[in-house]
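Structure below is my_file00.txt: compact mmCIF, C-alpha atoms.
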# COMPACT_ATOMS: atom_id res chain seq x y z
CA MET G 982 -106.18 -100.28 23.86
CA ALA G 983 -104.69 -96.80 23.68
CA THR G 984 -104.86 -94.78 26.87
CA LYS G 985 -106.60 -91.45 26.81
CA ALA G 986 -104.12 -88.67 26.09
CA THR G 987 -104.13 -85.38 27.90
CA PRO G 988 -104.67 -82.53 25.40
CA THR G 989 -101.45 -80.69 26.25
CA ILE G 990 -100.15 -80.24 22.71
CA GLY G 991 -100.81 -76.66 21.73
CA GLU G 992 -102.42 -75.59 18.48
CA GLN G 993 -99.31 -73.84 17.21
CA GLU G 994 -97.18 -76.91 17.92
CA ILE G 995 -99.69 -79.01 15.97
CA SER G 996 -99.64 -76.59 13.03
CA ASP G 997 -95.85 -76.34 12.99
CA SER G 998 -95.41 -80.11 13.28
CA TYR G 999 -97.91 -80.76 10.50
CA ILE G 1000 -96.17 -78.34 8.14
CA TYR G 1001 -92.78 -79.83 9.05
CA LEU G 1002 -93.99 -83.39 8.46
CA LEU G 1003 -95.74 -82.48 5.21
CA GLY G 1004 -92.39 -81.49 3.70
CA ARG G 1005 -91.18 -85.06 4.13
CA LEU G 1006 -94.48 -86.63 3.05
CA LEU G 1007 -94.37 -84.73 -0.24
CA VAL G 1008 -91.07 -86.45 -1.03
CA THR G 1009 -92.20 -89.92 0.06
CA ARG G 1010 -95.37 -89.41 -1.97
CA GLN G 1011 -93.33 -88.67 -5.09
CA GLN G 1012 -90.93 -91.53 -4.36
CA GLN G 1013 -93.80 -94.02 -4.23
CA LEU G 1014 -95.25 -92.63 -7.46
CA ASP G 1015 -91.84 -92.89 -9.13
CA PHE G 1016 -91.35 -96.54 -8.24
CA GLU G 1017 -94.93 -97.39 -9.15
CA GLU G 1018 -94.12 -95.93 -12.56
CA GLY G 1019 -91.14 -98.24 -12.91
CA PHE G 1020 -88.06 -96.48 -11.51
CA LYS G 1021 -85.23 -98.81 -10.52
CA TRP G 1022 -82.43 -97.97 -8.12
CA ASN G 1023 -79.26 -96.63 -9.77
CA GLU G 1024 -80.79 -96.58 -13.25
CA ILE G 1025 -81.31 -93.28 -15.03
CA LEU G 1026 -84.58 -92.58 -16.84
CA HIS G 1027 -84.28 -90.18 -19.77
CA ARG G 1028 -87.47 -88.17 -20.25
CA LYS G 1029 -88.90 -86.94 -23.50
CA PRO G 1030 -89.50 -83.16 -23.62
CA GLY G 1031 -92.31 -82.27 -21.24
CA ALA G 1032 -92.80 -85.86 -20.07
CA VAL G 1033 -92.47 -85.32 -16.32
CA ASP G 1034 -95.40 -85.35 -13.96
CA TRP G 1035 -94.40 -83.47 -10.83
CA PRO G 1036 -95.23 -79.82 -10.12
CA SER G 1037 -93.72 -77.06 -12.24
CA PRO G 1038 -91.24 -78.93 -14.44
CA ASN G 1039 -88.94 -76.71 -16.43
CA LEU G 1040 -89.67 -77.06 -20.14
CA ASP G 1041 -86.43 -75.29 -21.04
CA VAL G 1042 -84.42 -78.44 -20.32
CA ALA G 1043 -84.19 -82.12 -21.13
CA TYR G 1044 -84.70 -84.00 -17.87
CA SER G 1045 -83.33 -87.33 -16.77
CA GLU G 1046 -84.26 -88.79 -13.39
CA ALA G 1047 -83.08 -91.46 -10.97
CA TRP G 1048 -83.07 -92.70 -7.39
CA VAL G 1049 -79.57 -93.59 -6.20
CA ALA G 1050 -78.64 -96.03 -3.42
CA VAL G 1051 -75.13 -96.22 -1.95
CA ASP G 1052 -73.80 -97.63 1.30
CA GLU G 1053 -70.59 -98.60 3.10
CA ASN G 1054 -69.78 -101.17 0.41
CA SER G 1055 -70.97 -99.53 -2.82
CA CYS G 1056 -70.94 -96.36 -4.90
CA THR G 1057 -72.72 -95.24 -8.04
CA LEU G 1058 -70.72 -94.31 -11.12
CA VAL G 1059 -72.13 -91.32 -12.97
CA THR G 1060 -70.94 -90.65 -16.53
CA VAL G 1061 -71.31 -87.04 -17.66
CA PRO G 1062 -70.73 -86.15 -21.34
CA LYS G 1063 -68.83 -83.11 -22.51
CA VAL G 1064 -71.39 -80.29 -22.72
CA GLU G 1065 -70.34 -76.98 -24.24
CA GLY G 1066 -72.26 -73.77 -24.79
CA ARG G 1067 -75.37 -74.74 -22.82
CA TYR G 1068 -76.44 -75.16 -19.21
CA TYR G 1069 -76.35 -78.59 -17.60
CA THR G 1070 -76.21 -80.06 -14.12
CA VAL G 1071 -76.70 -83.35 -12.28
CA GLN G 1072 -78.48 -82.54 -9.03
CA PHE G 1073 -78.65 -84.85 -6.00
CA LEU G 1074 -81.32 -84.35 -3.32
CA ASN G 1075 -82.14 -86.13 -0.09
CA GLY G 1076 -85.47 -87.40 1.19
CA TRP G 1077 -86.51 -83.97 2.45
CA GLY G 1078 -85.90 -82.16 -0.85
CA GLU G 1079 -82.54 -80.72 0.21
CA THR G 1080 -79.95 -80.29 -2.55
CA LEU G 1081 -76.77 -82.17 -1.64
CA ALA G 1082 -74.59 -81.76 -4.73
CA ASN G 1083 -74.49 -80.60 -8.35
CA ILE G 1084 -72.14 -82.00 -10.96
CA ASN G 1085 -71.32 -79.32 -13.53
CA GLU G 1086 -68.47 -77.13 -14.70
CA ARG G 1087 -69.11 -74.59 -11.95
CA ASN G 1088 -68.49 -77.04 -9.13
CA PHE G 1089 -65.89 -79.14 -10.96
CA PRO G 1090 -64.05 -76.67 -13.23
CA ASP G 1091 -60.96 -78.91 -13.52
CA LYS G 1092 -63.01 -81.89 -14.63
CA PRO G 1093 -66.54 -80.93 -15.70
CA TYR G 1094 -67.25 -84.20 -17.51
CA GLY G 1095 -66.21 -87.83 -17.42
CA GLU G 1096 -66.83 -90.26 -14.57
CA PHE G 1097 -67.87 -89.37 -11.02
CA ALA G 1098 -68.17 -91.89 -8.18
CA VAL G 1099 -71.02 -90.91 -5.87
CA CYS G 1100 -70.41 -92.53 -2.48
CA LEU G 1101 -71.59 -92.51 1.11
CA ASN G 1102 -69.49 -90.21 3.22
CA GLY G 1103 -66.86 -92.24 5.09
CA SER G 1104 -67.26 -95.40 3.02
CA ASN G 1105 -64.17 -97.32 2.00
CA VAL G 1106 -64.98 -98.31 -1.56
CA SER G 1107 -62.56 -98.69 -4.44
CA VAL G 1108 -63.49 -96.42 -7.34
CA PRO G 1109 -61.96 -96.14 -10.82
CA GLU G 1110 -58.74 -94.13 -10.85
CA ASP G 1111 -60.10 -91.62 -13.35
CA ALA G 1112 -63.36 -91.06 -11.45
CA THR G 1113 -63.90 -88.00 -9.28
CA ARG G 1114 -65.31 -89.05 -5.91
CA ILE G 1115 -68.32 -87.18 -4.49
CA ASP G 1116 -69.36 -88.01 -0.92
CA LEU G 1117 -72.99 -87.67 0.13
CA PRO G 1118 -74.26 -87.59 3.74
CA VAL G 1119 -77.12 -90.01 2.97
CA LYS G 1120 -77.50 -93.50 1.51
CA TYR G 1121 -80.43 -92.69 -0.76
CA SER G 1122 -80.96 -89.70 -3.00
CA ARG G 1123 -83.14 -88.37 -5.81
CA VAL G 1124 -81.33 -87.23 -8.95
CA LEU G 1125 -82.28 -84.81 -11.69
CA SER G 1126 -80.02 -84.11 -14.63
CA ARG G 1127 -80.86 -81.11 -16.76
CA VAL G 1128 -79.55 -80.17 -20.21
CA GLU G 1129 -80.67 -76.85 -21.67
CA PHE G 1130 -82.59 -77.28 -24.90
CA GLY G 1131 -81.26 -74.03 -26.31
CA ALA G 1132 -81.70 -73.44 -30.02
CA ASP G 1133 -81.14 -77.08 -31.01
CA TRP G 1134 -83.30 -79.62 -29.19
CA ASP G 1135 -81.79 -82.54 -31.12
CA VAL G 1136 -78.32 -81.77 -29.80
CA ALA G 1137 -79.68 -81.39 -26.26
CA THR G 1138 -81.53 -84.72 -26.31
CA ALA G 1139 -78.50 -86.47 -27.83
CA LEU G 1140 -76.40 -85.15 -24.93
CA GLN G 1141 -79.10 -86.14 -22.46
CA GLN G 1142 -78.87 -89.76 -23.58
CA GLN G 1143 -75.14 -89.79 -22.78
CA PHE G 1144 -75.66 -89.31 -19.04
CA MET G 1145 -75.31 -92.80 -17.55
CA PHE G 1146 -75.47 -94.43 -14.09
CA LYS G 1147 -73.94 -97.72 -12.93
CA ALA G 1148 -73.83 -99.30 -9.47
CA LEU G 1149 -70.36 -100.20 -8.20
CA GLY G 1150 -71.08 -103.06 -5.81
CA GLU G 1151 -74.44 -104.19 -4.51
CA PRO G 1152 -75.99 -101.65 -2.16
CA THR G 1153 -78.61 -102.63 0.38
CA LEU G 1154 -81.87 -101.29 -1.00
CA PRO G 1155 -84.43 -99.72 1.34
CA GLU G 1156 -88.12 -100.37 1.69
CA ILE G 1157 -90.02 -97.49 0.11
CA PRO G 1158 -91.87 -95.75 2.97
CA LYS G 1159 -95.59 -96.42 2.65
CA THR G 1160 -96.91 -93.02 3.61
CA PRO G 1161 -100.15 -91.46 2.32
CA ILE G 1162 -100.39 -90.81 -1.43
CA PHE G 1163 -102.65 -87.80 -1.62
CA ASP G 1164 -103.96 -85.36 -4.19
CA LEU G 1165 -101.98 -82.12 -4.09
CA GLY G 1166 -105.30 -80.30 -4.22
CA LYS G 1167 -106.52 -82.07 -1.07
CA LEU G 1168 -103.79 -82.37 1.53
CA PRO G 1169 -104.07 -85.01 4.25
CA GLY G 1170 -105.45 -84.14 7.67
CA VAL G 1171 -104.76 -86.01 10.88
CA GLU G 1172 -104.00 -89.17 8.91
CA ALA G 1173 -100.64 -87.60 8.06
CA PHE G 1174 -99.49 -88.42 11.59
CA GLU G 1175 -100.36 -92.12 11.28
CA THR G 1176 -97.09 -92.68 9.42
CA ALA G 1177 -95.10 -89.87 11.03
CA ASN G 1178 -92.65 -92.19 12.80
CA LEU G 1179 -92.05 -94.12 9.58
CA ALA G 1180 -91.44 -90.88 7.68
CA LEU G 1181 -88.99 -89.59 10.29
CA ASP G 1182 -87.21 -92.90 10.90
CA SER G 1183 -86.66 -93.64 7.21
CA GLU G 1184 -84.74 -90.42 6.50
CA ALA G 1185 -82.81 -88.25 8.94
CA ASP G 1186 -83.18 -84.50 8.61
CA ILE G 1187 -79.64 -83.28 7.98
CA ASN G 1188 -80.45 -79.76 9.20
CA PRO G 1189 -79.64 -78.58 12.72
CA GLY G 1190 -82.24 -77.52 15.26
CA MET G 1191 -84.94 -80.02 14.28
CA LYS G 1192 -84.93 -82.18 17.44
CA GLN G 1193 -87.76 -80.37 19.22
CA ILE G 1194 -90.14 -80.27 16.29
CA GLN G 1195 -89.42 -83.92 15.57
CA ALA G 1196 -90.19 -84.73 19.21
CA ASN G 1197 -93.45 -82.76 18.91
CA THR G 1198 -94.32 -84.62 15.71
CA ARG G 1199 -93.77 -87.99 17.39
CA ALA G 1200 -95.83 -86.91 20.40
CA ILE G 1201 -98.72 -85.94 18.12
CA ALA G 1202 -98.39 -89.28 16.31
CA GLU G 1203 -98.94 -90.97 19.68
CA ALA G 1204 -101.74 -88.61 20.69
CA VAL G 1205 -103.85 -89.29 17.59
CA LYS G 1206 -104.37 -92.85 18.82
CA ASP G 1207 -106.89 -91.40 21.25
CA PRO G 1208 -110.22 -90.67 19.46
CA GLY G 1209 -110.83 -87.40 21.28
CA GLU G 1210 -107.36 -86.05 20.62
CA ARG G 1211 -107.49 -87.29 17.05
CA ALA G 1212 -110.60 -85.22 16.37
CA ARG G 1213 -109.12 -82.15 18.05
CA ILE G 1214 -105.83 -82.43 16.14
CA ASP G 1215 -107.64 -82.92 12.84
CA LYS G 1216 -109.67 -79.78 13.54
CA VAL G 1217 -106.52 -77.80 14.30
CA ILE G 1218 -104.89 -79.02 11.08
CA HIS G 1219 -107.85 -77.96 8.95
CA GLU G 1220 -108.42 -74.64 10.69
CA ARG G 1221 -104.91 -73.52 11.62
CA ALA G 1222 -102.22 -75.50 9.83
CA PHE G 1223 -103.91 -75.10 6.44
CA ALA G 1224 -104.32 -71.37 7.14
CA ASP G 1225 -100.66 -71.03 8.17
CA LEU G 1226 -99.61 -72.86 5.02
CA ALA G 1227 -101.86 -70.70 2.84
CA LYS G 1228 -100.41 -67.55 4.40
CA ALA G 1229 -96.84 -68.70 3.78
CA THR G 1230 -97.35 -69.90 0.21
CA PRO G 1231 -97.52 -66.52 -1.59
CA VAL G 1232 -94.32 -65.42 0.19
CA LEU G 1233 -92.57 -68.75 -0.44
CA GLY G 1234 -92.03 -69.23 3.27
CA HIS G 1235 -90.11 -66.27 4.62
CA GLY G 1236 -89.44 -64.60 1.30
CA THR G 1237 -89.87 -61.03 0.13
CA ILE G 1238 -92.58 -59.63 -2.14
CA ARG G 1239 -91.99 -56.64 -4.39
CA ASN G 1240 -93.93 -55.63 -7.50
CA GLY G 1241 -96.20 -58.56 -6.67
CA TRP G 1242 -93.32 -61.03 -7.19
CA ALA G 1243 -92.15 -63.26 -4.34
CA ARG G 1244 -88.47 -64.08 -4.04
CA PRO G 1245 -87.72 -66.94 -1.62
CA LYS G 1246 -85.25 -66.34 1.17
CA VAL G 1247 -83.96 -69.88 0.64
CA SER G 1248 -84.60 -72.63 -1.88
CA GLY G 1249 -82.96 -75.96 -2.58
CA VAL G 1250 -80.88 -75.69 0.61
CA TYR G 1251 -83.04 -74.74 3.58
CA GLU G 1252 -81.02 -74.99 6.80
CA ASP G 1253 -83.59 -74.45 9.60
CA ASP G 1254 -86.34 -72.98 7.37
CA TYR G 1255 -88.62 -76.01 7.19
CA LEU G 1256 -91.58 -73.75 6.34
CA ALA G 1257 -89.96 -72.67 3.06
CA ARG G 1258 -88.94 -76.26 2.37
CA THR G 1259 -92.50 -77.51 2.66
CA VAL G 1260 -93.97 -74.63 0.65
CA ILE G 1261 -91.46 -75.15 -2.16
CA ASN G 1262 -91.79 -78.96 -2.08
CA LEU G 1263 -95.53 -78.45 -2.50
CA GLY G 1264 -95.29 -75.90 -5.29
CA GLY G 1265 -92.16 -77.02 -7.16
CA ILE G 1266 -90.54 -80.16 -5.77
CA TRP G 1267 -86.85 -80.78 -6.50
CA ALA G 1268 -85.91 -77.08 -6.41
CA ASN G 1269 -82.21 -76.50 -6.91
CA ALA G 1270 -79.84 -74.32 -4.88
CA GLN G 1271 -79.98 -70.58 -5.48
CA GLU G 1272 -76.51 -70.38 -7.02
CA GLU G 1273 -77.92 -72.58 -9.79
CA VAL G 1274 -81.33 -70.99 -10.28
CA LEU G 1275 -83.47 -68.30 -8.69
CA TYR G 1276 -87.27 -68.62 -8.79
CA TYR G 1277 -89.74 -65.73 -8.57
CA SER G 1278 -93.47 -66.33 -8.27
CA THR G 1279 -96.58 -64.17 -8.53
CA GLY G 1280 -100.32 -64.51 -8.80
CA ILE G 1281 -101.32 -60.83 -8.62
CA ASP G 1282 -101.23 -57.79 -10.87
CA SER G 1283 -100.06 -54.24 -10.11
CA THR G 1284 -103.27 -53.51 -8.17
CA GLY G 1285 -102.98 -56.61 -5.99
CA ALA G 1286 -105.85 -58.41 -7.77
CA LEU G 1287 -105.52 -62.12 -8.54
CA PHE G 1288 -104.69 -63.01 -12.11
CA ASP G 1289 -107.83 -63.89 -14.02
CA THR G 1290 -107.64 -65.84 -17.26
CA ASN G 1291 -110.45 -63.67 -18.63
CA ASN G 1292 -108.12 -60.66 -18.41
CA PHE G 1293 -105.17 -59.53 -20.51
CA TYR G 1294 -101.86 -58.50 -18.91
CA THR G 1295 -98.53 -57.05 -20.01
CA MET G 1296 -95.12 -57.06 -18.38
CA THR G 1297 -92.42 -54.62 -19.49
CA PHE G 1298 -88.65 -54.78 -19.02
CA PRO G 1299 -86.74 -51.50 -19.57
CA LYS G 1300 -83.87 -51.76 -22.03
CA ASP G 1301 -81.32 -51.62 -19.20
CA GLU G 1302 -83.09 -54.38 -17.24
CA LEU G 1303 -83.76 -57.03 -19.87
CA PRO G 1304 -84.04 -60.56 -18.43
CA ALA G 1305 -80.79 -61.72 -20.05
CA LYS G 1306 -78.90 -59.23 -17.88
CA PHE G 1307 -79.73 -61.27 -14.80
CA ALA G 1308 -79.09 -64.83 -16.06
CA LYS G 1309 -75.74 -66.18 -17.13
CA TYR G 1310 -77.39 -69.11 -18.91
CA PHE G 1311 -81.08 -68.58 -19.62
CA TRP G 1312 -84.37 -67.30 -18.26
CA SER G 1313 -87.97 -68.32 -18.70
CA VAL G 1314 -91.48 -67.52 -17.50
CA ILE G 1315 -94.29 -70.08 -17.28
CA ALA G 1316 -97.98 -69.90 -16.35
CA VAL G 1317 -99.27 -72.59 -13.98
CA ASP G 1318 -102.59 -73.29 -12.31
CA SER G 1319 -102.87 -72.17 -8.69
CA VAL G 1320 -103.51 -75.61 -7.19
CA TYR G 1321 -101.34 -78.22 -8.92
CA ARG G 1322 -98.69 -75.85 -10.33
CA ARG G 1323 -98.89 -77.53 -13.74
CA VAL G 1324 -98.30 -75.54 -16.91
CA LEU G 1325 -101.52 -74.41 -18.53
CA PRO G 1326 -102.38 -76.49 -21.61
CA ASN G 1327 -103.18 -74.55 -24.77
CA PRO G 1328 -103.75 -75.36 -28.46
CA LEU G 1329 -100.35 -73.94 -29.44
CA ASN G 1330 -98.47 -76.09 -26.90
CA ARG G 1331 -96.62 -72.92 -25.98
CA PHE G 1332 -95.81 -73.33 -22.31
CA LEU G 1333 -93.20 -70.64 -21.73
CA LEU G 1334 -91.47 -67.55 -22.97
CA ASN G 1335 -87.68 -67.54 -22.80
CA ASN G 1336 -84.50 -66.43 -24.51
CA GLN G 1337 -85.25 -68.83 -27.39
CA SER G 1338 -88.68 -67.34 -28.10
CA LYS G 1339 -88.92 -65.19 -31.20
CA LEU G 1340 -89.10 -62.02 -29.15
CA GLN G 1341 -89.59 -58.60 -30.66
CA TYR G 1342 -88.37 -55.52 -28.81
CA GLU G 1343 -89.96 -52.10 -28.57
CA PRO G 1344 -88.42 -49.16 -30.52
CA ASP G 1345 -86.78 -47.92 -27.30
CA GLY G 1346 -85.13 -51.32 -26.68
CA SER G 1347 -87.52 -52.44 -23.96
CA LEU G 1348 -89.26 -55.81 -23.96
CA LYS G 1349 -93.00 -56.28 -23.46
CA LEU G 1350 -94.49 -59.70 -22.73
CA TYR G 1351 -98.20 -60.48 -23.09
CA PHE G 1352 -100.34 -62.89 -21.07
CA ALA G 1353 -103.85 -63.53 -22.38
CA ALA G 1354 -106.15 -66.35 -23.48
CA GLU G 1355 -106.26 -64.96 -27.04
CA LYS G 1356 -103.40 -63.15 -28.73
CA PRO G 1357 -103.79 -59.39 -28.26
CA ALA G 1358 -103.77 -57.46 -31.52
CA ALA G 1359 -100.67 -55.50 -30.50
CA ALA G 1360 -98.71 -58.54 -29.36
CA PRO G 1361 -95.94 -60.01 -31.51
CA GLU G 1362 -96.54 -63.75 -31.76
CA GLY G 1363 -93.32 -64.63 -29.94
CA ASN G 1364 -94.02 -62.28 -27.02
CA TRP G 1365 -97.38 -63.84 -26.14
CA LEU G 1366 -97.92 -66.62 -23.59
CA PRO G 1367 -101.41 -68.15 -23.83
CA THR G 1368 -103.31 -68.28 -20.52
CA PRO G 1369 -106.45 -70.24 -21.50
CA THR G 1370 -109.63 -70.10 -19.48
CA THR G 1371 -109.47 -73.76 -18.44
CA VAL G 1372 -108.75 -72.34 -14.98
CA LYS G 1373 -109.88 -69.02 -13.58
CA ASN G 1374 -106.79 -68.00 -11.58
CA TYR G 1375 -103.19 -68.86 -12.29
CA ARG G 1376 -99.65 -68.00 -11.27
CA LEU G 1377 -96.45 -67.10 -13.08
CA THR G 1378 -93.02 -68.53 -12.27
CA PHE G 1379 -89.93 -66.70 -13.50
CA ARG G 1380 -86.64 -68.61 -13.52
CA PHE G 1381 -83.14 -67.20 -13.86
CA TYR G 1382 -80.51 -69.90 -14.44
CA GLY G 1383 -77.05 -68.82 -13.37
CA PRO G 1384 -78.36 -65.82 -11.37
CA ARG G 1385 -76.26 -62.71 -11.57
CA ALA G 1386 -76.41 -58.98 -10.81
CA GLY G 1387 -79.57 -58.00 -8.93
CA VAL G 1388 -81.10 -61.48 -9.08
CA ALA G 1389 -78.03 -62.97 -7.39
CA ASP G 1390 -77.86 -60.35 -4.62
CA GLY G 1391 -81.60 -60.01 -4.07
CA THR G 1392 -81.98 -56.38 -5.15
CA TYR G 1393 -83.89 -57.07 -8.38
CA PHE G 1394 -87.55 -57.99 -8.75
CA PRO G 1395 -89.38 -58.33 -12.08
CA ALA G 1396 -91.86 -55.62 -12.98
CA ALA G 1397 -95.49 -55.90 -11.89
CA LEU G 1398 -98.00 -57.09 -14.47
CA GLN G 1399 -100.43 -54.49 -15.78
CA GLU G 1400 -104.00 -55.38 -16.64
CA VAL G 1401 -105.02 -53.98 -20.02
CA ASN G 1402 -108.65 -52.91 -20.31
Render the structure in this file as structure tokens.
Amino acid sequence: MATKATPTIGEQEISDSYIYLLGRLLVTRQQQLDFEEGFKWNEILHRKPGAVDWPSPNLDVAYSEAWVAVDENSCTLVTVPKVEGRYYTVQFLNGWGETLANINERNFPDKPYGEFAVCLNGSNVSVPEDATRIDLPVKYSRVLSRVEFGADWDVATALQQQFMFKALGEPTLPEIPKTPIFDLGKLPGVEAFETANLALDSEADINPGMKQIQANTRAIAEAVKDPGERARIDKVIHERAFADLAKATPVLGHGTIRNGWARPKVSGVYEDDYLARTVINLGGIWANAQEEVLYYSTGIDSTGALFDTNNFYTMTFPKDELPAKFAKYFWSVIAVDSVYRRVLPNPLNRFLLNNQSKLQYEPDGSLKLYFAAEKPAAAPEGNWLPTPTTVKNYRLTFRFYGPRAGVADGTYFPAALQEVN
């Protein structure tokens, strides 16, 4: 029988530990869903356009996905085709959603394609002579490859199919952590701590400075065995941790808001900012490093009012600040619901506006985008993103792939949206 715990764990420590732990549970949740779907270690799954089911997928690219296992006696051979004239990358992440590596021409300019041997750091494994070795600090990783659709989707999907994975050796495969599988619209309460030790033990946090919060998390996991403490901790989670998380979400952790748009301070690589990591894992899991892509998010118009799908909004880019100026590769804007961060379904199956949309520019060279349930009379067809009334409130996500100029240095923010009466 558990002994009665003394309620010495403060409310802020409970809130911080819950938010920290949630970042890991979001990854273990997705990992379990992936393997229930049929993922197999070291085998790549090529997705059809739009056929991914985690928050905020990018419909500009052809996705392929995998979970990779390596150890002291094995590596994984990754074959990357020659891709010219369009964005691509093979991204590796750990069990906390931290980006570990990207295979592309930016990181490997002398050999941007061919074979790459992904290995555990320090392992002594023979790899093919013509393979470029990439060492990871973890045995198990999540992989996303992305190939820009561009103007020719057939070419992109043909290239996508040429990305291949093959195990070199026989790695020891882990048990998938059996942590709570929860609805993203209803986060777990105190039950999150029931598997806290499993979540922490099954994947080390590679970031420095996490020892104290991990110790607090383990202490709470022990404390919840006492019924009185369990009730108190659950109350703190619902009243304080959820409030702290809700406060951090619009700012993407410790980001900056200007013109209603939030720019994250960090994404993809988080260092000691576990708050941003959890917020981004919740709203757009598998975020890449900022040198690859910069994400802006908003849910309010120029007056600070929440977007309403019954309203009609415009967004204008001056001719000297067109989106293409800030992205070496491509840009896009999507509308997602405020809870699950899924793109809003609409009869046109038009889920984004980007550099491939049939955009029309104003006489002065500026660009005006339209967001409304029905096409406004003044809107060119290609400039309009449907925001159907299947949900009341929604958010916009703006992506810049290959950030440059003001997006890269943090001085640029997209213009505020204007409600049109």
Determine, counting all atoms listed in the file, which protein, DNA and RNA residues have an atom within 10 Å of an atom of Pro1361 (chain G); residues of the same chain fewer than 5 positions away are not included. Present the result as a PDB file with C-alpha atoms, keeping the file's coordinate frame.
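What ended up in around37.pdb:
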ATOM      1  CA  LYS G1339     -88.920 -65.190 -31.200  1.00  0.00           C
ATOM      2  CA  LEU G1340     -89.100 -62.020 -29.150  1.00  0.00           C
ATOM      3  CA  GLN G1341     -89.590 -58.600 -30.660  1.00  0.00           C
ATOM      4  CA  TYR G1342     -88.370 -55.520 -28.810  1.00  0.00           C
ATOM      5  CA  LYS G1349     -93.000 -56.280 -23.460  1.00  0.00           C
ATOM      6  CA  LEU G1350     -94.490 -59.700 -22.730  1.00  0.00           C
ATOM      7  CA  TYR G1351     -98.200 -60.480 -23.090  1.00  0.00           C
ATOM      8  CA  LYS G1356    -103.400 -63.150 -28.730  1.00  0.00           C
TER       9      LYS G1356
END
Smallest atom-to-atom distance to Gln1141 (chain G): which of G:Ala1043, G:Leu1165, G:Leu1377, G:Val1051, using all atoms listed in the file?
G:Ala1043
Name all residues at most 8 Å from region 1292-1298 of chain G (count all atoms listed in the file; drop same-chain ones fewer than 4 positions away) and give them as JSON, numbers by chain.
{"G": [1288, 1302, 1303, 1304, 1347, 1348, 1349, 1350, 1351, 1352, 1353, 1354, 1357, 1395, 1396, 1397, 1398, 1399, 1400, 1401, 1402]}
Keeping only C-alpha atoms, write those residues as a short mmCIF file (atom, residue, chain, number, x, y, z; two decimals), in the frame of the given file.
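Just written: again.cif:
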data_model
loop_
_atom_site.label_atom_id
_atom_site.label_comp_id
_atom_site.auth_asym_id
_atom_site.auth_seq_id
_atom_site.Cartn_x
_atom_site.Cartn_y
_atom_site.Cartn_z
CA PHE G 1288 -104.69 -63.01 -12.11
CA GLU G 1302 -83.09 -54.38 -17.24
CA LEU G 1303 -83.76 -57.03 -19.87
CA PRO G 1304 -84.04 -60.56 -18.43
CA SER G 1347 -87.52 -52.44 -23.96
CA LEU G 1348 -89.26 -55.81 -23.96
CA LYS G 1349 -93.00 -56.28 -23.46
CA LEU G 1350 -94.49 -59.70 -22.73
CA TYR G 1351 -98.20 -60.48 -23.09
CA PHE G 1352 -100.34 -62.89 -21.07
CA ALA G 1353 -103.85 -63.53 -22.38
CA ALA G 1354 -106.15 -66.35 -23.48
CA PRO G 1357 -103.79 -59.39 -28.26
CA PRO G 1395 -89.38 -58.33 -12.08
CA ALA G 1396 -91.86 -55.62 -12.98
CA ALA G 1397 -95.49 -55.90 -11.89
CA LEU G 1398 -98.00 -57.09 -14.47
CA GLN G 1399 -100.43 -54.49 -15.78
CA GLU G 1400 -104.00 -55.38 -16.64
CA VAL G 1401 -105.02 -53.98 -20.02
CA ASN G 1402 -108.65 -52.91 -20.31
#
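For the choices G:Lys1092, G:Arg1010, G:Arg1114, G:Arg1221, the atom-to-atom distance to Asp997 (chain G) is smallest for G:Arg1221 when using all atoms listed in the file.
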Who sits within 9 Å of Val1106 (chain G), only C-alpha atoms, same chain under 4 positions skipped, as a count of residues only
7
Selection near region 1182-1197 of chain G, 9 Å with all atoms listed in the file, sequence-local residues under 5 positions removed, as a short mmCIF file (atom, residue, chain, number, x, y, z; two decimals) with C-alpha atoms, in the coordinates of the input:
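Final file, out_16.cif:
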data_model
loop_
_atom_site.label_atom_id
_atom_site.label_comp_id
_atom_site.auth_asym_id
_atom_site.auth_seq_id
_atom_site.Cartn_x
_atom_site.Cartn_y
_atom_site.Cartn_z
CA ILE G 990 -100.15 -80.24 22.71
CA GLU G 994 -97.18 -76.91 17.92
CA ILE G 995 -99.69 -79.01 15.97
CA ASP G 997 -95.85 -76.34 12.99
CA SER G 998 -95.41 -80.11 13.28
CA TYR G 1001 -92.78 -79.83 9.05
CA LEU G 1002 -93.99 -83.39 8.46
CA ARG G 1005 -91.18 -85.06 4.13
CA ASN G 1075 -82.14 -86.13 -0.09
CA GLY G 1076 -85.47 -87.40 1.19
CA TRP G 1077 -86.51 -83.97 2.45
CA GLU G 1079 -82.54 -80.72 0.21
CA PRO G 1118 -74.26 -87.59 3.74
CA VAL G 1119 -77.12 -90.01 2.97
CA TYR G 1121 -80.43 -92.69 -0.76
CA PRO G 1155 -84.43 -99.72 1.34
CA GLU G 1156 -88.12 -100.37 1.69
CA ILE G 1157 -90.02 -97.49 0.11
CA PRO G 1158 -91.87 -95.75 2.97
CA ALA G 1177 -95.10 -89.87 11.03
CA ALA G 1202 -98.39 -89.28 16.31
CA TYR G 1251 -83.04 -74.74 3.58
CA GLU G 1252 -81.02 -74.99 6.80
CA ASP G 1253 -83.59 -74.45 9.60
CA TYR G 1255 -88.62 -76.01 7.19
#
Which residue, G:Met1145, G:Ala1132, G:Leu1333, G:Leu1101, has the smallest gap to Ala1047 (chain G) when you use all atoms listed in the file?
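Among the listed residues, the smallest separation from Ala1047 (chain G) belongs to G:Met1145.
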Would you mind telling me which residue in G:Asn1291, G:Gly1078, G:Ala1305, G:Lys1228 lies nearest to Leu1007 (chain G) when using only C-alpha atoms?
G:Gly1078
Pick the closest to Gln1072 (chain G) from G:Ala1386, G:Ile1218, G:Leu1168, G:Ala1270: which is it, counting only C-alpha atoms?
G:Ala1270
